[in-house]
Every structure is written in structure tokens, then in C-alpha cells.
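Peer 1: Contents of structure03.pdb (PDB, C-alpha atoms) are below:
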```
ATOM      1  CA  MET I   1     -81.426  16.508  42.046
ATOM      2  CA  LEU I   2     -80.572  18.317  38.840
ATOM      3  CA  GLU I   3     -78.783  16.007  36.343
ATOM      4  CA  ILE I   4     -76.515  17.065  33.474
ATOM      5  CA  LYS I   5     -76.250  14.566  30.593
ATOM      6  CA  GLU I   6     -75.447  16.755  27.562
ATOM      7  CA  TYR I   7     -71.841  17.230  26.372
ATOM      8  CA  ILE I   8     -69.524  19.827  24.900
ATOM      9  CA  TYR I   9     -66.177  19.382  23.158
ATOM     10  CA  GLU I  10     -64.818  22.888  23.668
ATOM     11  CA  PHE I  11     -65.032  25.663  26.240
ATOM     12  CA  ALA I  12     -66.198  28.984  24.774
ATOM     13  CA  LYS I  13     -67.599  32.300  25.965
ATOM     14  CA  ASP I  14     -70.841  31.895  24.016
ATOM     15  CA  MET I  15     -71.760  28.362  25.089
ATOM     16  CA  LYS I  16     -75.470  27.760  25.586
ATOM     17  CA  PRO I  17     -76.221  26.348  29.049
ATOM     18  CA  VAL I  18     -78.107  23.075  29.217
ATOM     19  CA  ALA I  19     -79.357  23.735  32.756
ATOM     20  CA  LYS I  20     -79.417  26.357  35.497
ATOM     21  CA  ALA I  21     -78.564  25.887  39.156
ATOM     22  CA  LYS I  22     -79.108  28.150  42.137
ATOM     23  CA  ASP I  23     -76.240  29.234  44.338
ATOM     24  CA  ASN I  24     -75.493  26.391  46.815
ATOM     25  CA  GLU I  25     -77.398  23.794  44.763
ATOM     26  CA  VAL I  26     -76.289  20.152  44.433
ATOM     27  CA  VAL I  27     -75.956  18.873  40.853
ATOM     28  CA  LYS I  28     -75.113  15.497  39.285
ATOM     29  CA  PHE I  29     -72.950  15.349  36.136
ATOM     30  CA  ILE I  30     -73.233  12.069  34.200
ATOM     31  CA  VAL I  31     -70.118  11.639  32.083
ATOM     32  CA  GLU I  32     -68.730   9.377  29.375
ATOM     33  CA  ASP I  33     -65.098   8.293  29.326
ATOM     34  CA  CYS I  34     -62.556  10.435  27.470
ATOM     35  CA  PHE I  35     -63.010   8.347  24.313
ATOM     36  CA  ALA I  36     -66.800   8.876  24.327
ATOM     37  CA  GLY I  37     -67.251   5.094  24.402
ATOM     38  CA  GLN I  38     -65.183   4.489  21.248
ATOM     39  CA  ILE I  39     -62.800   2.071  23.029
ATOM     40  CA  LYS I  40     -64.844  -1.056  23.730
ATOM     41  CA  SER I  41     -62.226  -3.817  23.698
ATOM     42  CA  GLU I  42     -58.482  -4.354  23.617
ATOM     43  CA  LYS I  43     -58.699  -4.565  19.817
ATOM     44  CA  ASP I  44     -59.617  -0.863  19.765
ATOM     45  CA  ILE I  45     -56.536   1.346  19.867
ATOM     46  CA  ALA I  46     -56.128   5.093  20.173
ATOM     47  CA  MET I  47     -55.182   5.462  16.490
ATOM     48  CA  SER I  48     -58.690   4.311  15.513
ATOM     49  CA  VAL I  49     -60.463   6.963  17.603
ATOM     50  CA  ASP I  50     -62.236  10.012  16.160
ATOM     51  CA  TRP I  51     -60.245  12.622  18.080
ATOM     52  CA  LYS I  52     -62.780  15.355  17.329
ATOM     53  CA  HIS I  53     -65.097  13.505  19.690
ATOM     54  CA  THR I  54     -62.887  12.880  22.686
ATOM     55  CA  ASN I  55     -62.876  14.374  26.173
ATOM     56  CA  PRO I  56     -66.621  15.084  26.238
ATOM     57  CA  ALA I  57     -67.469  17.348  29.183
ATOM     58  CA  ALA I  58     -70.955  17.258  30.681
ATOM     59  CA  GLY I  59     -72.521  20.712  30.675
ATOM     60  CA  PRO I  60     -72.388  23.593  30.562
ATOM     61  CA  LEU I  61     -74.217  24.517  33.761
ATOM     62  CA  TYR I  62     -75.311  28.111  34.374
ATOM     63  CA  VAL I  63     -74.987  29.086  38.054
ATOM     64  CA  GLU I  64     -77.280  31.912  39.077
ATOM     65  CA  GLY I  65     -75.504  34.955  40.500
ATOM     66  CA  ALA I  66     -72.118  34.185  38.936
ATOM     67  CA  GLU I  67     -70.725  37.217  37.089
ATOM     68  CA  PRO I  68     -67.350  38.149  35.597
ATOM     69  CA  GLY I  69     -64.963  38.951  38.427
ATOM     70  CA  ASP I  70     -66.503  36.331  40.712
ATOM     71  CA  VAL I  71     -65.227  32.832  41.486
ATOM     72  CA  LEU I  72     -67.204  29.609  41.153
ATOM     73  CA  CYS I  73     -66.636  27.157  43.996
ATOM     74  CA  VAL I  74     -67.264  23.516  43.079
ATOM     75  CA  GLU I  75     -67.387  21.161  46.071
ATOM     76  CA  ILE I  76     -66.886  17.586  44.888
ATOM     77  CA  LEU I  77     -69.224  15.525  47.045
ATOM     78  CA  ASP I  78     -68.967  12.131  45.354
ATOM     79  CA  ILE I  79     -67.589  10.330  42.286
ATOM     80  CA  LYS I  80     -68.789   6.938  41.055
ATOM     81  CA  VAL I  81     -67.302   5.033  38.134
ATOM     82  CA  ALA I  82     -68.243   2.131  35.878
ATOM     83  CA  ASP I  83     -67.052  -1.456  36.356
ATOM     84  CA  GLN I  84     -64.282  -1.259  33.766
ATOM     85  CA  GLY I  85     -62.012   1.282  32.110
ATOM     86  CA  ALA I  86     -59.359   1.490  29.423
ATOM     87  CA  VAL I  87     -55.719   2.572  29.345
ATOM     88  CA  CYS I  88     -54.155   3.257  25.940
ATOM     89  CA  SER I  89     -50.739   4.235  24.674
ATOM     90  CA  ILE I  90     -51.211   7.276  22.452
ATOM     91  CA  PRO I  91     -48.968   7.786  19.410
ATOM     92  CA  ASP I  92     -46.515  10.718  19.629
ATOM     93  CA  CYS I  93     -47.478  11.357  23.238
ATOM     94  CA  GLY I  94     -45.189  11.337  26.244
ATOM     95  CA  PRO I  95     -41.604  10.284  26.975
ATOM     96  CA  PHE I  96     -42.017   6.661  25.831
ATOM     97  CA  ALA I  97     -43.736   7.339  22.502
ATOM     98  CA  ASP I  98     -40.713   6.676  20.274
ATOM     99  CA  LYS I  99     -40.511   2.988  21.245
ATOM    100  CA  SER I 100     -44.039   2.164  22.435
ATOM    101  CA  GLU I 101     -46.573   0.227  20.396
ATOM    102  CA  SER I 102     -50.174   1.365  20.078
ATOM    103  CA  ARG I 103     -51.939  -0.772  22.661
ATOM    104  CA  THR I 104     -55.061  -0.921  24.816
ATOM    105  CA  HIS I 105     -55.761  -2.725  28.075
ATOM    106  CA  ILE I 106     -59.214  -3.087  29.604
ATOM    107  CA  LEU I 107     -59.045  -3.090  33.400
ATOM    108  CA  LYS I 108     -61.841  -4.340  35.636
ATOM    109  CA  ILE I 109     -63.069  -2.412  38.675
ATOM    110  CA  LYS I 110     -64.405  -4.549  41.525
ATOM    111  CA  ASP I 111     -64.971  -3.881  45.233
ATOM    112  CA  GLY I 112     -63.070  -0.627  45.102
ATOM    113  CA  LYS I 113     -60.038  -2.219  43.435
ATOM    114  CA  VAL I 114     -58.433  -2.049  39.985
ATOM    115  CA  ILE I 115     -57.613  -5.487  38.556
ATOM    116  CA  TRP I 116     -54.937  -5.833  35.848
ATOM    117  CA  GLU I 117     -55.406  -9.484  35.023
ATOM    118  CA  LYS I 118     -52.438  -9.753  32.632
ATOM    119  CA  TYR I 119     -49.945  -9.220  35.461
ATOM    120  CA  ASN I 120     -52.120 -10.350  38.385
ATOM    121  CA  MET I 121     -51.897  -6.853  39.864
ATOM    122  CA  ILE I 122     -54.475  -5.188  42.115
ATOM    123  CA  TRP I 123     -54.510  -1.667  43.561
ATOM    124  CA  PRO I 124     -57.115   0.649  45.125
ATOM    125  CA  VAL I 125     -59.406   2.783  43.001
ATOM    126  CA  ASP I 126     -58.611   6.482  43.460
ATOM    127  CA  THR I 127     -61.103   8.269  41.229
ATOM    128  CA  MET I 128     -60.407  11.761  39.931
ATOM    129  CA  ILE I 129     -61.726  14.315  37.434
ATOM    130  CA  GLY I 130     -59.468  15.123  34.482
ATOM    131  CA  VAL I 131     -61.515  17.914  32.873
ATOM    132  CA  ILE I 132     -63.278  20.601  34.869
ATOM    133  CA  GLY I 133     -63.610  24.200  33.800
ATOM    134  CA  VAL I 134     -65.715  27.217  32.959
ATOM    135  CA  ALA I 135     -66.290  29.400  29.923
ATOM    136  CA  THR I 136     -63.359  31.228  28.405
ATOM    137  CA  ASP I 137     -63.474  34.967  27.715
ATOM    138  CA  GLU I 138     -61.368  34.902  24.554
ATOM    139  CA  LYS I 139     -60.744  32.040  22.121
ATOM    140  CA  ASN I 140     -62.517  28.694  22.189
ATOM    141  CA  ILE I 141     -60.466  25.945  23.839
ATOM    142  CA  SER I 142     -60.933  22.216  23.247
ATOM    143  CA  THR I 143     -61.997  20.134  26.237
ATOM    144  CA  GLY I 144     -58.814  18.124  25.614
ATOM    145  CA  PHE I 145     -56.698  21.248  26.212
ATOM    146  CA  VAL I 146     -55.809  23.108  29.405
ATOM    147  CA  GLY I 147     -55.815  26.834  30.185
ATOM    148  CA  ASN I 148     -56.489  29.478  32.796
ATOM    149  CA  HIS I 149     -60.183  28.528  32.723
ATOM    150  CA  GLY I 150     -59.325  25.026  33.959
ATOM    151  CA  GLY I 151     -60.134  22.395  31.345
ATOM    152  CA  ASN I 152     -58.002  19.283  30.885
ATOM    153  CA  MET I 153     -55.809  19.870  33.937
ATOM    154  CA  ASP I 154     -55.530  16.141  34.710
ATOM    155  CA  ASN I 155     -54.670  16.867  38.328
ATOM    156  CA  PRO I 156     -54.956  13.537  40.195
ATOM    157  CA  MET I 157     -55.860  15.447  43.375
ATOM    158  CA  ILE I 158     -59.213  16.627  41.956
ATOM    159  CA  LYS I 159     -61.289  14.016  43.725
ATOM    160  CA  LYS I 160     -64.057  13.525  46.277
ATOM    161  CA  GLY I 161     -63.796  15.879  49.256
ATOM    162  CA  VAL I 162     -61.967  18.782  47.604
ATOM    163  CA  ARG I 163     -63.036  22.190  46.345
ATOM    164  CA  MET I 164     -62.220  23.642  42.942
ATOM    165  CA  TRP I 165     -62.238  27.430  42.656
ATOM    166  CA  LEU I 166     -62.686  28.596  39.047
ATOM    167  CA  PRO I 167     -62.505  32.203  37.787
ATOM    168  CA  VAL I 168     -65.816  33.357  36.293
ATOM    169  CA  ARG I 169     -65.329  35.020  32.893
ATOM    170  CA  VAL I 170     -68.933  35.142  31.618
ATOM    171  CA  GLU I 171     -72.357  35.386  33.220
ATOM    172  CA  GLY I 172     -73.352  32.111  34.862
ATOM    173  CA  GLY I 173     -69.796  30.739  34.781
ATOM    174  CA  LEU I 174     -70.867  27.841  32.505
ATOM    175  CA  LEU I 175     -69.356  24.860  34.308
ATOM    176  CA  ALA I 176     -68.583  21.573  32.544
ATOM    177  CA  MET I 177     -66.641  18.457  33.533
ATOM    178  CA  GLY I 178     -65.661  14.965  32.416
ATOM    179  CA  ASP I 179     -62.652  12.719  31.704
ATOM    180  CA  LEU I 180     -62.907  10.569  34.830
ATOM    181  CA  HIS I 181     -60.114   8.187  35.804
ATOM    182  CA  ALA I 182     -60.271   5.191  38.134
ATOM    183  CA  THR I 183     -56.615   5.972  38.835
ATOM    184  CA  MET I 184     -54.133   8.309  37.158
ATOM    185  CA  ALA I 185     -50.510   8.965  38.023
ATOM    186  CA  ASP I 186     -48.795  12.343  38.128
ATOM    187  CA  GLY I 187     -47.840  13.204  34.555
ATOM    188  CA  GLU I 188     -50.202  10.740  32.801
ATOM    189  CA  VAL I 189     -47.114   9.996  30.728
ATOM    190  CA  CYS I 190     -48.596   7.601  28.132
ATOM    191  CA  GLY I 191     -51.469  10.000  27.511
ATOM    192  CA  THR I 192     -54.114   8.122  29.494
ATOM    193  CA  GLY I 193     -54.914   6.905  32.976
ATOM    194  CA  ILE I 194     -57.698   4.391  33.488
ATOM    195  CA  GLU I 195     -60.278   6.190  31.338
ATOM    196  CA  ILE I 196     -63.761   5.479  32.605
ATOM    197  CA  ALA I 197     -67.378   6.610  32.589
ATOM    198  CA  GLY I 198     -69.261   7.570  35.713
ATOM    199  CA  GLU I 199     -70.997  10.363  37.561
ATOM    200  CA  VAL I 200     -69.957  13.281  39.739
ATOM    201  CA  ILE I 201     -72.063  14.993  42.402
ATOM    202  CA  VAL I 202     -71.058  18.551  43.263
ATOM    203  CA  ARG I 203     -72.311  21.586  45.134
ATOM    204  CA  VAL I 204     -71.870  24.910  43.324
ATOM    205  CA  LYS I 205     -71.377  28.209  45.138
ATOM    206  CA  VAL I 206     -70.546  31.749  44.029
ATOM    207  CA  LEU I 207     -67.830  33.821  45.702
ATOM    208  CA  LYS I 208     -68.405  37.442  44.763
ATOM    209  CA  ASN I 209     -65.733  39.917  43.689
ATOM    210  CA  PHE I 210     -62.527  37.918  44.146
ATOM    211  CA  GLU I 211     -59.555  38.065  41.794
ATOM    212  CA  LEU I 212     -58.415  34.641  40.647
ATOM    213  CA  ASN I 213     -56.327  34.136  37.509
ATOM    214  CA  TRP I 214     -55.980  30.333  37.454
ATOM    215  CA  ALA I 215     -57.983  27.371  38.708
ATOM    216  CA  LEU I 216     -57.284  26.786  42.400
ATOM    217  CA  LEU I 217     -57.644  23.436  44.179
ATOM    218  CA  GLU I 218     -58.377  23.372  47.904
ATOM    219  CA  THR I 219     -57.828  20.160  49.877
ATOM    220  CA  GLU I 220     -58.266  19.570  53.593
ATOM    221  CA  ASP I 221     -54.787  20.870  54.349
ATOM    222  CA  ALA I 222     -53.450  22.812  51.328
ATOM    223  CA  TYR I 223     -54.082  24.995  48.281
ATOM    224  CA  TYR I 224     -52.783  24.353  44.745
ATOM    225  CA  VAL I 225     -52.691  26.743  41.794
ATOM    226  CA  ASN I 226     -53.078  24.816  38.507
ATOM    227  CA  THR I 227     -51.211  26.293  35.546
ATOM    228  CA  CYS I 228     -49.873  25.465  32.111
ATOM    229  CA  GLY I 229     -47.588  27.058  29.563
ATOM    230  CA  PRO I 230     -45.690  26.650  26.294
ATOM    231  CA  THR I 231     -42.703  25.506  28.365
ATOM    232  CA  CYS I 232     -42.446  23.911  31.782
ATOM    233  CA  ASP I 233     -40.620  27.006  33.043
ATOM    234  CA  ASP I 234     -43.462  29.251  31.886
ATOM    235  CA  ALA I 235     -46.084  27.089  33.575
ATOM    236  CA  ILE I 236     -44.214  26.776  36.845
ATOM    237  CA  ARG I 237     -43.388  30.480  37.009
ATOM    238  CA  ALA I 238     -47.035  31.432  36.414
ATOM    239  CA  GLY I 239     -48.154  29.140  39.228
ATOM    240  CA  TYR I 240     -45.658  30.526  41.704
ATOM    241  CA  GLN I 241     -46.591  34.099  40.796
ATOM    242  CA  GLU I 242     -50.303  33.453  41.351
ATOM    243  CA  MET I 243     -49.721  31.666  44.653
ATOM    244  CA  HIS I 244     -47.373  34.483  45.704
ATOM    245  CA  ARG I 245     -50.119  37.050  44.993
ATOM    246  CA  LEU I 246     -52.697  35.089  46.999
ATOM    247  CA  LEU I 247     -50.297  34.790  49.938
ATOM    248  CA  CYS I 248     -49.571  38.513  49.950
ATOM    249  CA  ASN I 249     -53.304  39.291  49.951
ATOM    250  CA  ALA I 250     -54.273  36.796  52.652
ATOM    251  CA  TYR I 251     -51.319  37.036  55.038
ATOM    252  CA  GLY I 252     -50.239  40.655  54.564
ATOM    253  CA  MET I 253     -46.732  39.664  53.507
ATOM    254  CA  ASP I 254     -44.590  41.964  51.393
ATOM    255  CA  TYR I 255     -43.214  40.782  48.062
ATOM    256  CA  THR I 256     -39.869  39.520  49.351
ATOM    257  CA  ASP I 257     -41.215  37.750  52.425
ATOM    258  CA  ALA I 258     -43.906  35.957  50.395
ATOM    259  CA  GLY I 259     -41.213  34.623  48.081
ATOM    260  CA  MET I 260     -39.139  33.469  51.019
ATOM    261  CA  TYR I 261     -42.192  31.786  52.532
ATOM    262  CA  MET I 262     -42.824  29.876  49.300
ATOM    263  CA  SER I 263     -39.232  28.688  49.449
ATOM    264  CA  MET I 264     -39.885  27.265  52.928
ATOM    265  CA  GLN I 265     -43.507  26.084  52.578
ATOM    266  CA  GLY I 266     -44.328  25.190  49.011
ATOM    267  CA  PHE I 267     -45.155  22.191  46.810
ATOM    268  CA  LEU I 268     -44.528  21.564  43.113
ATOM    269  CA  ALA I 269     -45.748  18.594  41.059
ATOM    270  CA  ALA I 270     -46.710  17.710  37.499
ATOM    271  CA  ASN I 271     -50.363  17.231  36.615
ATOM    272  CA  GLN I 272     -49.876  16.207  32.988
ATOM    273  CA  ALA I 273     -46.481  15.853  31.317
ATOM    274  CA  CYS I 274     -47.510  14.901  27.786
ATOM    275  CA  LEU I 275     -49.408  17.870  26.318
ATOM    276  CA  VAL I 276     -47.884  19.805  23.431
ATOM    277  CA  ALA I 277     -47.758  23.604  23.499
ATOM    278  CA  GLU I 278     -50.763  24.026  21.187
ATOM    279  CA  ALA I 279     -52.860  22.071  23.717
ATOM    280  CA  GLY I 280     -51.829  24.397  26.538
ATOM    281  CA  GLY I 281     -48.525  22.688  27.295
ATOM    282  CA  ASP I 282     -47.566  20.645  30.325
ATOM    283  CA  SER I 283     -49.643  21.428  33.407
ATOM    284  CA  PHE I 284     -48.433  21.786  36.973
ATOM    285  CA  ARG I 285     -49.747  22.386  40.458
ATOM    286  CA  ILE I 286     -47.986  24.773  42.825
ATOM    287  CA  GLY I 287     -49.139  24.489  46.419
ATOM    288  CA  THR I 288     -48.761  25.706  49.948
ATOM    289  CA  PRO I 289     -50.115  24.260  53.209
ATOM    290  CA  LYS I 290     -52.979  25.843  55.099
ATOM    291  CA  VAL I 291     -52.014  27.832  58.189
ATOM    292  CA  LEU I 292     -54.419  27.313  61.090
ATOM    293  CA  ASN I 293     -54.000  30.742  62.677
ATOM    294  CA  LYS I 294     -54.339  32.661  59.385
ATOM    295  CA  LYS I 295     -57.367  33.456  57.270
ATOM    296  CA  PRO I 296     -57.884  31.205  54.244
ATOM    297  CA  LEU I 297     -56.363  32.175  50.908
ATOM    298  CA  ILE I 298     -59.881  32.031  49.474
ATOM    299  CA  GLY I 299     -63.288  31.389  50.969
ATOM    300  CA  PHE I 300     -66.649  32.653  52.099
TER     301      PHE I 300
END
```
Kindly transcribe the structure held in the file into C-alpha cells.

Peer 2:
Amino acid sequence: MLEIKEYIYEFAKDMKPVAKAKDNEVVKFIVEDCFAGQIKSEKDIAMSVDWKHTNPAAGPLYVEGAEPGDVLCVEILDIKVADQGAVCSIPDCGPFADKSESRTHILKIKDGKVIWEKYNMIWPVDTMIGVIGVATDEKNISTGFVGNHGGNMDNPMIKKGVRMWLPVRVEGGLLAMGDLHATMADGEVCGTGIEIAGEVIVRVKVLKNFELNWALLETEDAYYVNTCGPTCDDAIRAGYQEMHRLLCNAYGMDYTDAGMYMSMQGFLAANQACLVAEAGGDSFRIGTPKVLNKKPLIGF
């Protein structure tokens, strides 16, 4: 199996691939935690981190046959994480920043459970990928930022068993991923979930000639457009507009009926609620359930 161990710290159109995969090939990405191993104990706090070397993303991977105007399908087959991770409060980040101290907790992972020893609390591991994206076609974007290429979406639903559909902007797509979490809540409101190293096994496929403007998540029973914006209103509106367009194309609805359908059969939730505008702004997911007797919104 092809393994990716090299890292990038920004998505760009002129990235040099570290490996090439064939269409439908299975690939393993070996990733560091979002702090690139800089947080080793509870004495290490976020203020001491070199922020130029955070959110390393393994890659980029060139996928043969992927061209601008195509979509890269990434099937997440498995995620494994290390035996401990860190959660940190980040200065000037999130709704609690004005009164929170800079603090780190190291949490153990054992037998599929998270153990917070300080409060004798245990809950199930629910691993997810925070950063997953492809090359941009315009400006370079930090792997800690989010955009219409994907990136630091921090969607807690990006986990084993789902598909990510990413718009291809340059030849080969140039896929990279990282920023694993043992668990992460909607919003990631202190700036971190349980940040952890690990590995991700995916299958990459190329869907030819399909218009997609934002990263799209497909679960067993729904689709979710992932967006961001300088304001929450901007991000949410962009997500609804993209989902509306996909519904019109797949179901043959006119403009008004598609809007009415989204008012009856739609989902809205926050991915990350602590990013400033210059980092892409807060990110959201706008979803709709799959309809068994209709063709998929996207697929082969």
C-alpha cells in the first residue's frame, strides 16, 4: 500500500506531489497531530507553540486522471489514532477566550475510550479528520485555514465510512490531510478537540466533468455542503445556494421548489465556530437527506 509521510503547511496550486496514485487506489496517510508534536505534556501550552508549524497535512498526493473540472472522491476506509492526545485552550479563540486561562490537558486513549482522569470521565472515541483538501487555483491557503478547496473544515462527521467529494482545480488534484481528533464537538469552541496523531486509509477515485464549488460530504443517509465565509450569514447562504444547485440538477426541481424542499428537508450545523475571517471564517455544513427513489446528488 502506498504510504504518505511528508507534510505541507499550506495548500497551493503549484505544490509538488510527494507520490502518485492510480484512480481507485488505496493509500495510507500517516499524520502528526495539529501541533506537529510540540505539545508533549500538560506544561506545554498553546502560547508556546510555533504556529507556523501547526496543522501539518500529509501529502500532497497526485491522483492520475484528475483534471480541472473533475471531482476527487475520497472514501475514508479507516482511521487509527495514538494512545494519547491533547486539548488546549487557545488565546483569543472562541466564545470563552476572555476569561479562560491558557491550559493543556493530556487525555489517554484506551480500548476505544477517552479517559479524562482529572474528572474521572470516560467517553467513546469518535475519530475524525479536521483537515482534508486539494490544491487551490488562486492564492495559497494555510492548512490551518478553510476555503472552497476544503482545508481546515473541522467537520466532526468526516470519519470512517464516509466519502468526501473535493473539486479538482489543478492537474492531479493534489490531496492532503491531517489534524486528526479522537473526539471533537461541533464548533470546536476552545480552538481544539482532542488533537492526536494517527493514520488514515482512503480510496481515491476521479469523477469526470462534474461541477462542484465546495467540498461535499456524503454519509450513508445524507449529503452536506461544507462552506465558510467572513460572516456566519455569508457562509450559511453559500452552503444553501450550493445545495440548492445540486438539488435542481439531480431532481429536476425548479428554483422555487428546490428552495421549498430545503425548507422541509434540510440540516444546518456548525463545523468550527472559532475561526476569524482571515482564516476563512466560521465553517458550516448544510445538508439534505438522501432520497431512495431519486438519483444521487453526486456519484459514479

Peer 1: Taking into account all atoms listed in the file, which residue in the set I:Leu212, I:Ala135, I:Leu217, I:Met47 is nearest to Asp92 (chain I)?

Peer 2: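 Using all atoms listed in the file, the shortest distance to Asp92 (chain I) belongs to I:Met47.
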
Peer 1: Rank I:Lys40, I:Lys5, I:Lys28, I:Lys205 by their smallest atom-to-atom distance to Glu64 (chain I), using all atoms listed in the file, and report the top residue only.

Peer 2: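 Nearest to Glu64 (chain I): I:Lys205.
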
Peer 1: First collect every listed atom of region 285-289 of chain I; then fit an axis-aligned box around them, widen it by 6 Å on each side, and give centre and edge lengths in Å to one decimal, as JSON.

Peer 2:
```
{"center_x": -49.1, "center_y": 24.0, "center_z": 46.8, "size_x": 14.1, "size_y": 15.3, "size_z": 24.8}
```

Peer 1: For region 273-278 of chain I, find every residue with an atom within 6 Å (counting all atoms listed in the file), except residues of its own chain fewer than 3 positions away, and show them as a ChimeraX atom specification.

Peer 2: /I:93-94,187,189,230,281-282

Peer 1: Mind checking which residues fall within 9 Å of Gly69 (chain I), counting all atoms listed in the file, ignoring those fewer than 3 positions away in the same chain, and posting them as a ChimeraX atom specification?

Peer 2: /I:66,167-170,208-212

Peer 1: Env of Cys228 (chain I): 8 Å cut, atoms = all atoms listed in the file, seq-sep filter 2 positions within chain, self excluded. Answer as a PyMOL selection string.

Peer 2: chain I and resi 146-148+226+230+232+234-236+238+280-284

Peer 1: Which residues of region 148-239 of chain I come within 10 Å of region 127-134 of chain I, and for each one, what is the closest pair of atoms and their distance in Å to one decimal, counting all atoms listed in the file, sorted by chain and residue number, as JSON lines?

Peer 2:
```
{"residue": "I:Asn148", "atom": "CA", "partner": "I:Gly133", "partner_atom": "CA", "distance": 8.9}
{"residue": "I:His149", "atom": "CA", "partner": "I:Gly133", "partner_atom": "CA", "distance": 5.6}
{"residue": "I:Gly150", "atom": "CA", "partner": "I:Gly133", "partner_atom": "CA", "distance": 4.4}
{"residue": "I:Gly151", "atom": "CA", "partner": "I:Gly133", "partner_atom": "CA", "distance": 4.6}
{"residue": "I:Asn152", "atom": "CA", "partner": "I:Val131", "partner_atom": "CA", "distance": 4.3}
{"residue": "I:Met153", "atom": "CA", "partner": "I:Gly130", "partner_atom": "CA", "distance": 6.0}
{"residue": "I:Asp154", "atom": "CA", "partner": "I:Gly130", "partner_atom": "CA", "distance": 4.1}
{"residue": "I:Asn155", "atom": "CA", "partner": "I:Gly130", "partner_atom": "CA", "distance": 6.4}
{"residue": "I:Pro156", "atom": "CA", "partner": "I:Met128", "partner_atom": "CA", "distance": 5.7}
{"residue": "I:Met157", "atom": "CA", "partner": "I:Met128", "partner_atom": "CA", "distance": 6.8}
{"residue": "I:Ile158", "atom": "CA", "partner": "I:Met128", "partner_atom": "CA", "distance": 5.4}
{"residue": "I:Lys159", "atom": "CA", "partner": "I:Met128", "partner_atom": "CA", "distance": 4.5}
{"residue": "I:Lys160", "atom": "CA", "partner": "I:Met128", "partner_atom": "CA", "distance": 7.5}
{"residue": "I:Met164", "atom": "CA", "partner": "I:Ile132", "partner_atom": "CA", "distance": 8.7}
{"residue": "I:Trp165", "atom": "CA", "partner": "I:Gly133", "partner_atom": "CA", "distance": 9.5}
{"residue": "I:Leu166", "atom": "CA", "partner": "I:Gly133", "partner_atom": "CA", "distance": 6.9}
{"residue": "I:Pro167", "atom": "CA", "partner": "I:Val134", "partner_atom": "CA", "distance": 7.6}
{"residue": "I:Val168", "atom": "CA", "partner": "I:Val134", "partner_atom": "CA", "distance": 7.0}
{"residue": "I:Arg169", "atom": "CA", "partner": "I:Val134", "partner_atom": "CA", "distance": 7.8}
{"residue": "I:Val170", "atom": "CA", "partner": "I:Val134", "partner_atom": "CA", "distance": 8.7}
{"residue": "I:Gly172", "atom": "CA", "partner": "I:Val134", "partner_atom": "CA", "distance": 9.3}
{"residue": "I:Gly173", "atom": "CA", "partner": "I:Val134", "partner_atom": "CA", "distance": 5.7}
{"residue": "I:Leu174", "atom": "CA", "partner": "I:Val134", "partner_atom": "CA", "distance": 5.2}
{"residue": "I:Leu175", "atom": "CA", "partner": "I:Val134", "partner_atom": "CA", "distance": 4.5}
{"residue": "I:Ala176", "atom": "CA", "partner": "I:Gly133", "partner_atom": "CA", "distance": 5.8}
{"residue": "I:Met177", "atom": "CA", "partner": "I:Ile132", "partner_atom": "CA", "distance": 4.2}
{"residue": "I:Gly178", "atom": "CA", "partner": "I:Val131", "partner_atom": "CA", "distance": 5.1}
{"residue": "I:Asp179", "atom": "CA", "partner": "I:Gly130", "partner_atom": "CA", "distance": 4.9}
{"residue": "I:Leu180", "atom": "CA", "partner": "I:Ile129", "partner_atom": "CA", "distance": 4.7}
{"residue": "I:His181", "atom": "CA", "partner": "I:Met128", "partner_atom": "CA", "distance": 5.5}
{"residue": "I:Ala182", "atom": "CA", "partner": "I:Thr127", "partner_atom": "CA", "distance": 4.4}
{"residue": "I:Thr183", "atom": "CA", "partner": "I:Thr127", "partner_atom": "CA", "distance": 5.6}
{"residue": "I:Met184", "atom": "CA", "partner": "I:Met128", "partner_atom": "CA", "distance": 7.7}
{"residue": "I:Gly193", "atom": "CA", "partner": "I:Gly130", "partner_atom": "CA", "distance": 9.5}
{"residue": "I:Ile194", "atom": "CA", "partner": "I:Thr127", "partner_atom": "CA", "distance": 9.3}
{"residue": "I:Glu195", "atom": "CA", "partner": "I:Gly130", "partner_atom": "CA", "distance": 9.5}
{"residue": "I:Ile196", "atom": "CA", "partner": "I:Thr127", "partner_atom": "CA", "distance": 9.4}
{"residue": "I:Gly198", "atom": "CA", "partner": "I:Thr127", "partner_atom": "CA", "distance": 9.9}
{"residue": "I:Val200", "atom": "CA", "partner": "I:Ile129", "partner_atom": "CA", "distance": 8.6}
{"residue": "I:Ala215", "atom": "CA", "partner": "I:Gly133", "partner_atom": "CA", "distance": 8.1}
```

Peer 1: For the provided coordinates, the residues matched by the PyMOL selection byres ((chain I and resi 23) around 8) should be stated as a ChimeraX atom specification.

Peer 2: /I:21-22,24-25,63-65,204-206

Peer 1: Give me the residues within 10 Å of region 114-123 of chain I as a VMD selection string, counting all atoms listed in the file and dropping any in the same chain fewer than 4 places off.

Peer 2: chain I and resid 83 to 85 105 to 110 182 to 183 194

Peer 1: To one decimal place, how far is CA of Asp44 (chain I) from CA of Ala86 (chain I) in Å?

Peer 2: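 Those two atoms sit 9.9 Å apart.
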